[in-house]
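First the structure, in the form of structure tokens, and then the observations on it.
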Amino acid sequence: MSGFDYIVVGAGAAGCVLANRLSADPNCTVLLLEAGGNDRSPWIQVPIGYGHTFNDARYNWMYEAEPDPGLDNRRGFWPRGKVLGGSTSINAMVYVRGQPADFDDWRAAGNPGWGWQDVLPWFRRLEDHPLGPSEYHGRGGPVRIGDVSASVHPLCGNFLDACASLGVERNADFNGARSDGCGLWQVTIHDGVRVSAASAYLRPVRGRPNLTIRLRAQATRLLFDGRRAQGVEYLHQGALQRVQARREVLLAAGALNSPQLLELSGIGDPRRLRPLGIEVLADLPAVGAGLQDHLAVSYFYRSRVPTLNDQLAPLTGKLRAALRYLLGRRGPLAMSVNQAGAFLRSRPELAQPNMHIYFNPASYSTSAGPKRRLLNPDPFPGFLMSFNTCRPTSRGAVHIRSPDPLASPAILPNSLSTATDVQDVFDGARVLRRIAAAPALAQVIEREREPGAQVQSDEQVLADFRRRAGTVFHACGTCAMGPDARRAVVDPRLRVHGLAGLRVIDASVFPNVTSGNTQAPTLMLAEKAAALILEDTQAAQA
């Protein structure tokens with residue numbers, strides 16, 4: 001069995017960071033395993049191409065959740081990246097760290113070293129930020145953050161003016177001194193090209209002789225010598241392979257696949273594993289539990305003025321947009337459609353913003369089902385606004401269905417299972433409609449297409465939410481970090497409780513979901529984790 005010092009399972013946001021930082025030591029060897037293929041497709045590199053990869057099984061696990069009682073027993077669509085760069089190669093590229101209180105809550109859950117002041121230096125380290133170095137930002141890091149304020153659609157100005165008229169202050173930097181207010185999103189786009197974890201962390205170091213990247217290699221089981229992780233079994237080119245880890249196995253397969261691989265390897269709740277014929281190695285009942293996500297619904301509006309629909313719906317518009325991109329990497333193809341938004345309090349007594357608002361100067365109200373294509377918007381002027389609660393209190397789960405490693409995991413979102421989350425549905429709908437009724441937006445709205453003016457009562461609003469809401473793909477919490485092995489999976493140094501040589505490093509370890517998009521905090525987590533690994537290795541060798 002061949003061997004490496006470190007084996008990283010999964011080349012997503014966290015895995016790419018780990019592969020880069022650990023292989024910086026020429027005296028150690030690193031193997032990075034990725035179930036998907038390369039990221040060279042123009043659908044990945046062109047920012048708006050995520051409207052295609054959203055539905056493309058070549059780059060996407062294309063998961064579906066189990067019927068969700070909180071959403072009229074619908075099966076939600078859960079895309080996850082299956083490609084070099086993972087979900088950072090198919091996401092909407094919004095760069096939001098979250099609120100400081102999110103990370104202070106991580107620390108309060110028994111995780112020293114993970115409070116806001118602890119993690120801020122790691123955010124700064126990863127950034128190459130257009131605002132330059134400061135207390136809040138870094139310059140020269142691997143991840144180039146884009147300022148697209150000069151290129152957003154003019155309707156974003158109407159949205160921001162509408163928010164301001166309601167007392168929501170403008171915020172020029174959601175990742176700066178404060179996270180609340182309304183503003184334009186910072187994005188992981190540079191010169192009209194997506195900045196993924198693969199392009200930021202792997203592309204510059206792929207020539208390192210001590211770094212091996214193995215694509216289309218799906219991990220099937222972790223290998224152990226007693227209670228120490230010894231290696232990984234994986235499927236590659238139709239054959240099972242085994243590879244040894246001399247130091248550590250680092251599981252970075254994401255919030256859905258990391259718990260899946262742990263359970264396949266006998267790590268989890270014995271009451272779940274034994275009936276499947278899986279020998280229990282470690283009794284850790286929290287594996288797969290604690291699933292958290294952001295659940296959003298969109299309100300669609302027919303516009304009196306042109307929107308991105310006018311540019312991207314007709315064939316001639318598509319051709320013009322493609323030509324602009326080819327000639328100078330400019331225009332709508334060089335952008336994310338998520339251009340503006342807000343973090344705000346739906347009730348004044350709240351200590352922190354509880355609502356995440358999105359403004360999109362395009363609409364897809366005539367598309368069928370959840371798999372909407374960004375390059376085929378409505379054939380008339382329209383836009384949308386969405387909301388989700390920042391810190392949902394509902395908890396779901398992800399578990400294996402069988403001992404077959406190629407079977408997709410069962411995703412049980414358990415949406416709207418708390419009264420707090422239901423109350424936020426009512427609050428969010430009221431907030432969106434107040435923004436839409438403000439003069440700056442009201443003057444450009446012909447009508448609310450969906451859900452429509454007939455939906456007014458709390459009962460109607462909730463029924464509409466249950467009928468149409470869906471994930472915004474921020475799954476986390478399924479291998480949570482914490483000191484209690486009965487309630488958490490990893491300790492504050494991300495080591496799996498009760499086992500040696502094994503860590504989980506991805507969004508699955510978040511003790512609670514962050515208030516916003518999860519790409520940035522996952523990159524931060526991996527930056528800090530790499531330092532912890534090197535620190536522990538040096539201590540063991542001393």
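Each chain in the structure tokens gets a letter, A, B, ..., in the order shown, and its residues are numbered from 1; ligands are numbered from 1 in order too.
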* Could you give me, as a list in words, the residues within 10 Å of Ser365 (chain A), counting only C-alpha atoms and dropping anything in the same chain fewer than 3 positions from it? =>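 So, after excluding close chain neighbours, the residues are Ser298, Tyr299, Phe300, Tyr301, Arg302, Ala362, Ala368, Gly369, Arg372, Pro377, Asp378, Pro379, Gly382, Phe383, Leu384, Arg449, Glu450 and Pro451 of chain A.
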For the selection you just gave me, I'd like the residues written to a file as an mmCIF file, in the first residue's frame, keeping N, CA and C atoms.
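Saved file result-v3.cif follows:
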data_model
loop_
_atom_site.group_PDB
_atom_site.id
_atom_site.type_symbol
_atom_site.label_atom_id
_atom_site.label_comp_id
_atom_site.auth_asym_id
_atom_site.auth_seq_id
_atom_site.Cartn_x
_atom_site.Cartn_y
_atom_site.Cartn_z
ATOM 1 N N SER A 298 -38.356 33.279 -2.944
ATOM 2 C CA SER A 298 -38.237 34.460 -3.797
ATOM 3 C C SER A 298 -39.612 35.046 -4.089
ATOM 4 N N TYR A 299 -39.653 36.372 -4.081
ATOM 5 C CA TYR A 299 -40.840 37.106 -4.523
ATOM 6 C C TYR A 299 -40.488 37.723 -5.881
ATOM 7 N N PHE A 300 -41.317 37.459 -6.886
ATOM 8 C CA PHE A 300 -41.037 37.860 -8.262
ATOM 9 C C PHE A 300 -41.894 39.066 -8.644
ATOM 10 N N TYR A 301 -41.270 39.993 -9.349
ATOM 11 C CA TYR A 301 -41.948 41.230 -9.736
ATOM 12 C C TYR A 301 -41.805 41.465 -11.239
ATOM 13 N N ARG A 302 -42.910 41.873 -11.865
ATOM 14 C CA ARG A 302 -42.839 42.338 -13.247
ATOM 15 C C ARG A 302 -42.453 43.809 -13.213
ATOM 16 N N ALA A 362 -32.985 40.077 -12.170
ATOM 17 C CA ALA A 362 -33.542 39.170 -13.174
ATOM 18 C C ALA A 362 -34.602 38.330 -12.482
ATOM 19 N N ALA A 368 -39.876 26.076 -14.705
ATOM 20 C CA ALA A 368 -40.546 24.964 -14.028
ATOM 21 C C ALA A 368 -39.627 24.362 -12.976
ATOM 22 N N GLY A 369 -40.133 24.209 -11.755
ATOM 23 C CA GLY A 369 -39.386 23.516 -10.718
ATOM 24 C C GLY A 369 -38.225 24.332 -10.177
ATOM 25 N N ARG A 372 -33.760 26.207 -11.946
ATOM 26 C CA ARG A 372 -33.893 27.329 -12.862
ATOM 27 C C ARG A 372 -32.552 27.666 -13.500
ATOM 28 N N PRO A 377 -33.945 33.572 -18.375
ATOM 29 C CA PRO A 377 -34.898 34.232 -17.468
ATOM 30 C C PRO A 377 -36.245 34.460 -18.152
ATOM 31 N N ASP A 378 -37.160 35.075 -17.417
ATOM 32 C CA ASP A 378 -38.491 35.344 -17.950
ATOM 33 C C ASP A 378 -38.406 36.180 -19.230
ATOM 34 N N PRO A 379 -39.333 35.958 -20.178
ATOM 35 C CA PRO A 379 -39.300 36.691 -21.453
ATOM 36 C C PRO A 379 -39.944 38.070 -21.362
ATOM 37 N N GLY A 382 -38.337 41.731 -15.449
ATOM 38 C CA GLY A 382 -38.689 41.285 -14.107
ATOM 39 C C GLY A 382 -37.470 41.228 -13.214
ATOM 40 N N PHE A 383 -37.712 41.166 -11.923
ATOM 41 C CA PHE A 383 -36.641 40.986 -10.951
ATOM 42 C C PHE A 383 -37.206 40.242 -9.755
ATOM 43 N N LEU A 384 -36.346 39.873 -8.850
ATOM 44 C CA LEU A 384 -36.800 39.150 -7.664
ATOM 45 C C LEU A 384 -36.089 39.651 -6.414
ATOM 46 N N ARG A 449 -45.735 39.293 -9.291
ATOM 47 C CA ARG A 449 -46.213 38.118 -10.003
ATOM 48 C C ARG A 449 -46.401 36.923 -9.076
ATOM 49 N N GLU A 450 -45.454 36.756 -8.169
ATOM 50 C CA GLU A 450 -45.501 35.587 -7.290
ATOM 51 C C GLU A 450 -44.906 35.948 -5.936
ATOM 52 N N PRO A 451 -45.618 35.686 -4.843
ATOM 53 C CA PRO A 451 -46.853 34.899 -4.747
ATOM 54 C C PRO A 451 -48.105 35.641 -5.227
#
Under the rule of at most 12 Å, produce a per-residue listing of region 228-340 of chain A near region 388-397 of chain A: chain, number, name, the closest pair of atoms, and the distance in Å, as CSV, using only C-alpha atoms.
residue,atom,partner,partner_atom,distance
A:Ala255,CA,A:Ala397,CA,10.1
A:Leu256,CA,A:Ala397,CA,9.2
A:Pro259,CA,A:Ala397,CA,9.7
A:Gln260,CA,A:Ala397,CA,10.9
A:Pro285,CA,A:Ala397,CA,11.4
A:Ala286,CA,A:Ala397,CA,9.5
A:Val287,CA,A:Ala397,CA,8.8
A:Gly288,CA,A:Ala397,CA,5.4
A:Ala289,CA,A:Ala397,CA,4.5
A:Gly290,CA,A:Arg395,CA,5.2
A:Leu291,CA,A:Gly396,CA,4.5
A:Gln292,CA,A:Arg395,CA,5.6
A:Asp293,CA,A:Pro392,CA,7.4
A:His294,CA,A:Asn388,CA,6.2
A:Leu295,CA,A:Asn388,CA,5.6
A:Ala296,CA,A:Asn388,CA,4.5
A:Val297,CA,A:Asn388,CA,7.2
A:Ser298,CA,A:Asn388,CA,9.5
A:Tyr299,CA,A:Asn388,CA,12.0
* **Filtered DSSP result for region 444-537 of chain A, state helix (DSSP H, G or I), as a ChimeraX atom specification** => /A:458-468,507-509,519-537
* Residue neighbourhood region 19-30 of chain A, 8 Å, only C-alpha atoms, exclusion window fewer than 4 positions, as a ChimeraX atom specification -> /A:4-8,15,201-202,205,208,210-212,527,530,534
Nearby residues (only C-alpha atoms) at most 12 Å from region 314-320 of chain A, same-chain spacing under 6 positions excluded, as a CSV table (one decimal) with C-alpha atoms, in the first residue's frame:
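Listing of out-v3.csv after writing:
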chain,number,residue,atom,x,y,z
A,48,ILE,CA,-22.7,33.3,-14.8
A,307,THR,CA,-33.9,44.3,-16.3
A,308,LEU,CA,-31.3,41.6,-16.9
A,326,LEU,CA,-15.2,37.4,-25.3
A,327,LEU,CA,-13.9,40.9,-26.2
A,330,ARG,CA,-17.3,42.5,-19.3
A,331,GLY,CA,-21.1,42.5,-19.2
A,332,PRO,CA,-23.7,40.3,-17.5
A,333,LEU,CA,-21.7,37.1,-18.1
A,374,LEU,CA,-29.9,31.8,-15.1
A,375,LEU,CA,-29.3,32.2,-18.9
A,376,ASN,CA,-33.1,31.7,-19.6
A,377,PRO,CA,-34.9,34.2,-17.5
A,378,ASP,CA,-38.5,35.3,-18.0
A,379,PRO,CA,-39.3,36.7,-21.5
A,380,PHE,CA,-40.4,40.1,-20.0
A,381,PRO,CA,-38.8,42.6,-17.7
* Report the residues of region 169-388 of chain A whose backbone DSSP state falls under strand (DSSP E or B), written as a ChimeraX atom specification. => /A:170,181-184,187,189-190,193-194,211-214,217-225,228-236,239-251,267-268,282-283,289-292,295-303,340-344,355-360,382-388
* If you count only C-alpha atoms, which residues fall within 10 Å of Val119 (chain A), apart from same-chain ones fewer than 4 positions away, as JSON, numbers by chain? -> {"A": [100, 103, 104, 113, 114, 115, 123, 124, 521, 524, 525, 527, 528]}
With C-alpha atoms kept, could you save the residues just selected as an mmCIF file, in the first residue's frame?
data_model
loop_
_atom_site.group_PDB
_atom_site.id
_atom_site.type_symbol
_atom_site.label_atom_id
_atom_site.label_comp_id
_atom_site.auth_asym_id
_atom_site.auth_seq_id
_atom_site.Cartn_x
_atom_site.Cartn_y
_atom_site.Cartn_z
ATOM 1 C CA PRO A 100 -18.957 38.399 14.630
ATOM 2 C CA PHE A 103 -18.110 32.931 15.739
ATOM 3 C CA ASP A 104 -18.403 34.095 19.341
ATOM 4 C CA GLY A 113 -9.802 29.701 19.679
ATOM 5 C CA TRP A 114 -12.839 30.072 17.414
ATOM 6 C CA GLY A 115 -14.288 33.421 18.544
ATOM 7 C CA PHE A 123 -9.897 35.789 7.162
ATOM 8 C CA ARG A 124 -7.324 38.503 6.548
ATOM 9 C CA PRO A 521 -15.974 30.920 6.641
ATOM 10 C CA MET A 524 -11.076 30.583 6.935
ATOM 11 C CA LEU A 525 -11.670 27.357 8.841
ATOM 12 C CA GLU A 527 -6.588 28.152 6.865
ATOM 13 C CA LYS A 528 -6.710 27.914 10.651
#
* Go ahead and compute the interatomic distance for CA of Phe510 (chain A) and CA of Met481 (chain A), in Å to one decimal. =>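 Distance between the two atoms: 6.3 Å.
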Identify, on the basis of only C-alpha atoms, every residue whose closest approach to region 431-443 of chain A does not exceed 10 Å; exclude the query and any residue fewer than 2 positions from it along the same chain; express the result as a PDB file with N, CA and C atoms, in the first residue's frame.
ATOM      1  N   LEU A 155     -30.906  48.771 -11.533  1.00  0.00           N
ATOM      2  CA  LEU A 155     -31.999  48.512 -10.586  1.00  0.00           C
ATOM      3  C   LEU A 155     -31.494  48.284  -9.172  1.00  0.00           C
ATOM      4  N   CYS A 156     -30.231  47.892  -9.022  1.00  0.00           N
ATOM      5  CA  CYS A 156     -29.679  47.743  -7.667  1.00  0.00           C
ATOM      6  C   CYS A 156     -29.767  49.064  -6.919  1.00  0.00           C
ATOM      7  N   GLY A 157     -29.589  50.166  -7.623  1.00  0.00           N
ATOM      8  CA  GLY A 157     -29.717  51.475  -6.985  1.00  0.00           C
ATOM      9  C   GLY A 157     -31.118  51.720  -6.456  1.00  0.00           C
ATOM     10  N   ASN A 158     -32.133  51.278  -7.205  1.00  0.00           N
ATOM     11  CA  ASN A 158     -33.508  51.409  -6.712  1.00  0.00           C
ATOM     12  C   ASN A 158     -33.713  50.611  -5.440  1.00  0.00           C
ATOM     13  N   PHE A 159     -33.169  49.395  -5.422  1.00  0.00           N
ATOM     14  CA  PHE A 159     -33.289  48.571  -4.219  1.00  0.00           C
ATOM     15  C   PHE A 159     -32.630  49.244  -3.027  1.00  0.00           C
ATOM     16  N   LEU A 160     -31.413  49.755  -3.210  1.00  0.00           N
ATOM     17  CA  LEU A 160     -30.698  50.384  -2.096  1.00  0.00           C
ATOM     18  C   LEU A 160     -31.416  51.641  -1.628  1.00  0.00           C
ATOM     19  N   ASP A 161     -31.953  52.430  -2.563  1.00  0.00           N
ATOM     20  CA  ASP A 161     -32.700  53.623  -2.172  1.00  0.00           C
ATOM     21  C   ASP A 161     -33.970  53.249  -1.408  1.00  0.00           C
ATOM     22  N   ALA A 162     -34.619  52.158  -1.835  1.00  0.00           N
ATOM     23  CA  ALA A 162     -35.829  51.714  -1.136  1.00  0.00           C
ATOM     24  C   ALA A 162     -35.496  51.318   0.302  1.00  0.00           C
ATOM     25  N   CYS A 163     -34.407  50.560   0.472  1.00  0.00           N
ATOM     26  CA  CYS A 163     -33.994  50.172   1.823  1.00  0.00           C
ATOM     27  C   CYS A 163     -33.679  51.405   2.668  1.00  0.00           C
ATOM     28  N   ALA A 164     -32.952  52.357   2.093  1.00  0.00           N
ATOM     29  CA  ALA A 164     -32.565  53.553   2.842  1.00  0.00           C
ATOM     30  C   ALA A 164     -33.783  54.343   3.302  1.00  0.00           C
ATOM     31  N   SER A 165     -34.830  54.387   2.463  1.00  0.00           N
ATOM     32  CA  SER A 165     -36.039  55.127   2.841  1.00  0.00           C
ATOM     33  C   SER A 165     -36.759  54.485   4.009  1.00  0.00           C
ATOM     34  N   LEU A 166     -36.434  53.197   4.278  1.00  0.00           N
ATOM     35  CA  LEU A 166     -37.032  52.489   5.418  1.00  0.00           C
ATOM     36  C   LEU A 166     -36.119  52.511   6.640  1.00  0.00           C
ATOM     37  N   SER A 298     -38.356  33.279  -2.944  1.00  0.00           N
ATOM     38  CA  SER A 298     -38.237  34.460  -3.797  1.00  0.00           C
ATOM     39  C   SER A 298     -39.612  35.046  -4.089  1.00  0.00           C
ATOM     40  N   TYR A 299     -39.653  36.372  -4.081  1.00  0.00           N
ATOM     41  CA  TYR A 299     -40.840  37.106  -4.523  1.00  0.00           C
ATOM     42  C   TYR A 299     -40.488  37.723  -5.881  1.00  0.00           C
ATOM     43  N   TYR A 301     -41.270  39.993  -9.349  1.00  0.00           N
ATOM     44  CA  TYR A 301     -41.948  41.230  -9.736  1.00  0.00           C
ATOM     45  C   TYR A 301     -41.805  41.465 -11.239  1.00  0.00           C
ATOM     46  N   SER A 303     -41.483  44.174 -14.038  1.00  0.00           N
ATOM     47  CA  SER A 303     -40.906  45.514 -13.982  1.00  0.00           C
ATOM     48  C   SER A 303     -41.415  46.405 -15.102  1.00  0.00           C
ATOM     49  N   ARG A 304     -41.490  47.709 -14.806  1.00  0.00           N
ATOM     50  CA  ARG A 304     -41.839  48.694 -15.830  1.00  0.00           C
ATOM     51  C   ARG A 304     -40.611  49.142 -16.624  1.00  0.00           C
ATOM     52  N   VAL A 305     -39.428  48.797 -16.140  1.00  0.00           N
ATOM     53  CA  VAL A 305     -38.188  49.235 -16.788  1.00  0.00           C
ATOM     54  C   VAL A 305     -37.357  48.003 -17.133  1.00  0.00           C
ATOM     55  N   LEU A 344     -30.586  42.721   7.989  1.00  0.00           N
ATOM     56  CA  LEU A 344     -31.347  43.650   8.812  1.00  0.00           C
ATOM     57  C   LEU A 344     -32.130  42.918   9.892  1.00  0.00           C
ATOM     58  N   ARG A 345     -32.623  43.710  10.827  1.00  0.00           N
ATOM     59  CA  ARG A 345     -33.448  43.186  11.920  1.00  0.00           C
ATOM     60  C   ARG A 345     -34.919  43.349  11.541  1.00  0.00           C
ATOM     61  N   SER A 346     -35.650  42.258  11.581  1.00  0.00           N
ATOM     62  CA  SER A 346     -37.072  42.370  11.267  1.00  0.00           C
ATOM     63  C   SER A 346     -37.871  42.899  12.448  1.00  0.00           C
ATOM     64  N   ARG A 347     -37.261  42.859  13.635  1.00  0.00           N
ATOM     65  CA  ARG A 347     -37.888  43.408  14.837  1.00  0.00           C
ATOM     66  C   ARG A 347     -36.844  44.240  15.575  1.00  0.00           C
ATOM     67  N   MET A 355     -32.299  38.744   9.304  1.00  0.00           N
ATOM     68  CA  MET A 355     -32.771  38.540   7.946  1.00  0.00           C
ATOM     69  C   MET A 355     -31.663  38.802   6.939  1.00  0.00           C
ATOM     70  N   ILE A 357     -31.359  39.416   3.025  1.00  0.00           N
ATOM     71  CA  ILE A 357     -32.180  39.785   1.874  1.00  0.00           C
ATOM     72  C   ILE A 357     -31.302  39.767   0.620  1.00  0.00           C
ATOM     73  N   TYR A 358     -31.825  39.210  -0.458  1.00  0.00           N
ATOM     74  CA  TYR A 358     -31.113  39.177  -1.738  1.00  0.00           C
ATOM     75  C   TYR A 358     -31.915  39.986  -2.762  1.00  0.00           C
ATOM     76  N   MET A 385     -36.731  39.441  -5.303  1.00  0.00           N
ATOM     77  CA  MET A 385     -36.117  39.594  -3.979  1.00  0.00           C
ATOM     78  C   MET A 385     -36.386  38.320  -3.187  1.00  0.00           C
ATOM     79  N   SER A 386     -35.422  37.943  -2.369  1.00  0.00           N
ATOM     80  CA  SER A 386     -35.548  36.735  -1.554  1.00  0.00           C
ATOM     81  C   SER A 386     -35.189  37.058  -0.116  1.00  0.00           C
ATOM     82  N   PHE A 387     -35.599  36.175   0.782  1.00  0.00           N
ATOM     83  CA  PHE A 387     -35.161  36.312   2.171  1.00  0.00           C
ATOM     84  C   PHE A 387     -34.938  34.939   2.787  1.00  0.00           C
ATOM     85  N   VAL A 425     -40.622  33.474   8.848  1.00  0.00           N
ATOM     86  CA  VAL A 425     -41.288  33.469   7.544  1.00  0.00           C
ATOM     87  C   VAL A 425     -42.229  34.665   7.443  1.00  0.00           C
ATOM     88  N   PHE A 426     -43.021  34.886   8.486  1.00  0.00           N
ATOM     89  CA  PHE A 426     -43.940  36.024   8.478  1.00  0.00           C
ATOM     90  C   PHE A 426     -43.165  37.339   8.418  1.00  0.00           C
ATOM     91  N   ASP A 427     -42.111  37.439   9.237  1.00  0.00           N
ATOM     92  CA  ASP A 427     -41.324  38.667   9.283  1.00  0.00           C
ATOM     93  C   ASP A 427     -40.660  38.939   7.937  1.00  0.00           C
ATOM     94  N   GLY A 428     -40.093  37.895   7.337  1.00  0.00           N
ATOM     95  CA  GLY A 428     -39.395  38.086   6.074  1.00  0.00           C
ATOM     96  C   GLY A 428     -40.309  38.556   4.968  1.00  0.00           C
ATOM     97  N   ALA A 429     -41.501  37.974   4.893  1.00  0.00           N
ATOM     98  CA  ALA A 429     -42.457  38.388   3.865  1.00  0.00           C
ATOM     99  C   ALA A 429     -42.849  39.854   4.050  1.00  0.00           C
ATOM    100  N   ILE A 445     -42.215  48.875 -10.321  1.00  0.00           N
ATOM    101  CA  ILE A 445     -42.932  47.600 -10.242  1.00  0.00           C
ATOM    102  C   ILE A 445     -44.292  47.726 -10.909  1.00  0.00           C
ATOM    103  N   GLU A 446     -44.512  46.859 -11.885  1.00  0.00           N
ATOM    104  CA  GLU A 446     -45.840  46.794 -12.500  1.00  0.00           C
ATOM    105  C   GLU A 446     -46.776  45.981 -11.621  1.00  0.00           C
ATOM    106  N   ARG A 447     -46.296  44.813 -11.139  1.00  0.00           N
ATOM    107  CA  ARG A 447     -47.071  44.019 -10.195  1.00  0.00           C
ATOM    108  C   ARG A 447     -46.187  42.929  -9.600  1.00  0.00           C
ATOM    109  N   GLU A 448     -46.624  42.410  -8.468  1.00  0.00           N
ATOM    110  CA  GLU A 448     -45.988  41.242  -7.858  1.00  0.00           C
ATOM    111  C   GLU A 448     -46.568  40.008  -8.532  1.00  0.00           C
TER     112      GLU A 448
END
* Asked: Got a sec: who's within 9 Å of Leu261 (chain A), counting only C-alpha atoms, leaving out chain neighbours fewer than 4 positions off, as a PyMOL selection string?
  -> chain A and resi 219-222+251+253+257+265-267+400+405
* **Residue nearest Gly482 (chain A) - candidates A:Leu323, A:Ala410, A:Ala469, A:Val509, atoms counted: only C-alpha atoms** =>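 Smallest separation from Gly482 (chain A) among the options: A:Val509.
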* Asked: Which residue gives the smallest distance to Ala351 (chain A) among A:Ala463, A:Ala101, A:Ala109, A:Ala13, with only C-alpha atoms counted?
  ->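 Smallest separation from Ala351 (chain A) among the options: A:Ala101.
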* To do: To one decimal in Å, tell me the separation between CA of Ala177 (chain A) and CA of Cys476 (chain A).
  =>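 These two atoms are separated by 25.5 Å.
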* **Among the residues A:Thr420, A:Ser402, A:Ser199, A:Asn171, the one that comes closest to Leu264 (chain A) [using only C-alpha atoms]** =>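 The closest residue to Leu264 (chain A) is A:Ser402.
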